[in-house]
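Data block below; observations after.
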Amino acid sequence: MSLNPPEPGPRHADLLRVAEALRNEKALFALLVTGLLAGGLIWLGNSLGGSSSFMAVTLYAVVFLLIFPVGGACAGLLLMDQARGRETRALGKAVLDGIPTALRHIGVVLAGLAVTAVFFLFLYLLLFVCRVPFLGPALYAVLFPILAIAAGLLFFGFTAACAMAGPATWNGATAGETLSILARLAARRGPDLLTLLLALALLLFLIETALSGIVALGYLAVAGASSSVLSIPILPGIVSGVALGAGNEYAMAFAFGSMLALVLVSVAVTALAMMGLSLIYLRLAADPAPAQAREGVPDAPSHVFPEKKEPTIQPAETRIAAPPPPAAAAPGTADDAPDILAARPAEARPEAAACPHCQAAILPGDRFCGECGGKIQG
């Protein structure tokens, strides 16, 4: 998959465009299937032998290492297409493209974990150095604020890197290119990235609160009506969930419906978050990534790879006709004499003569003057 260069501009700076994610049916469907499949596998693992059994651990590993990454990458690719203003790819192609995309994302996350492990190794070495007598407390007093700030920046950097690694890989970057893009963003656009991420977090909080409030009002209304009509113990059903299914089929249906309502809200908020991260990435990563220096991109925008414009041939009926050549002057007319003289080379022009009656200019061979009409002696 070729790396698609970002398209910067005010269109990508508008975080209010996150609401467009709710119109991407393919991405919402991919997230819904991912959530239901992951929830079903987790429930199956708990039912087969508890959370500590081998089967449960295996299913958990499948969920967190395969289902979530591939499903998230599939939805991310579809949302990135929408954020770039392009037609979204087919759902089957998004699933196939999501597998290598998920692997690249996992590789970037593992690289971040490796950097975090190296930092903490260095931190423990410095703390052991601070155990030396006499100088240890003074050294610790100096190192503590420095290490505390560094650890805070590391945690924020790791979180921001994981957030931006998704859009970078959805945009076609490899793991190495993603790390290069993240380093460039941290060095050049760190404050902008922090501001936009905080703005996105605040916007998502407000949207999630509104959606949860709307769903909660409807949930309580329907649950109260269901309790009186179907005799469902609502409060125990909310607390114990599926456990009531053994004695009451309606209680199981109520628990499943409650879980589905929660999943729907989570899918909507997740789609909004992924769309917002895509917009932030397209806004900040304006420079073409290293891959573009090595290979051309067929679908690159014109500001990165200008297209060669072929000369257009104007249709015959719209061409401007060339002016016709001037008509040949009739011999013997005085009006055409200046044109004839101007058309001749200077060295070939005859010397002008004068009319003996009015002194007007005449040409050799003229028998009558063009001004007075007098006869010229020949």
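Starting from 1 in every chain, residues are counted up; chains themselves are A, B, ... following the order of the structure tokens, and ligands are numbered from 1 as listed.
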Could you go through stretch 30-258 of chain A and tell me which residues DSSP, when run on the backbone, assigns to alpha helix (DSSP H), listing them as number ranges by chain? A: 30-49, 54-62, 68-83, 91-129, 135-170, 175-188, 190-230, 234-240, 249-258
Test item: residues at most 9 Å from A:Ile99, only C-alpha atoms, excluding those fewer than 2 positions along its chain, as a PyMOL selection string: chain A and resi 66+69-71+73-74+94-97+101-104
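Take atom CA of A:Tyr281 and atom CA of A:Leu16: the distance between them is 14.7 Å.
Omitting A:Glu20 and its sequence neighbours fewer than 6 positions away, and counting only C-alpha atoms, the residues within 10 Å are Leu79, Gln82, Ala83, Ala271, Leu272, Met275 and Gly276 of chain A.
Considering only C-alpha atoms, the residue among A:Ala21, A:Val63, A:Cys372, A:Asp14 positioned nearest to A:Thr88 is A:Ala21.
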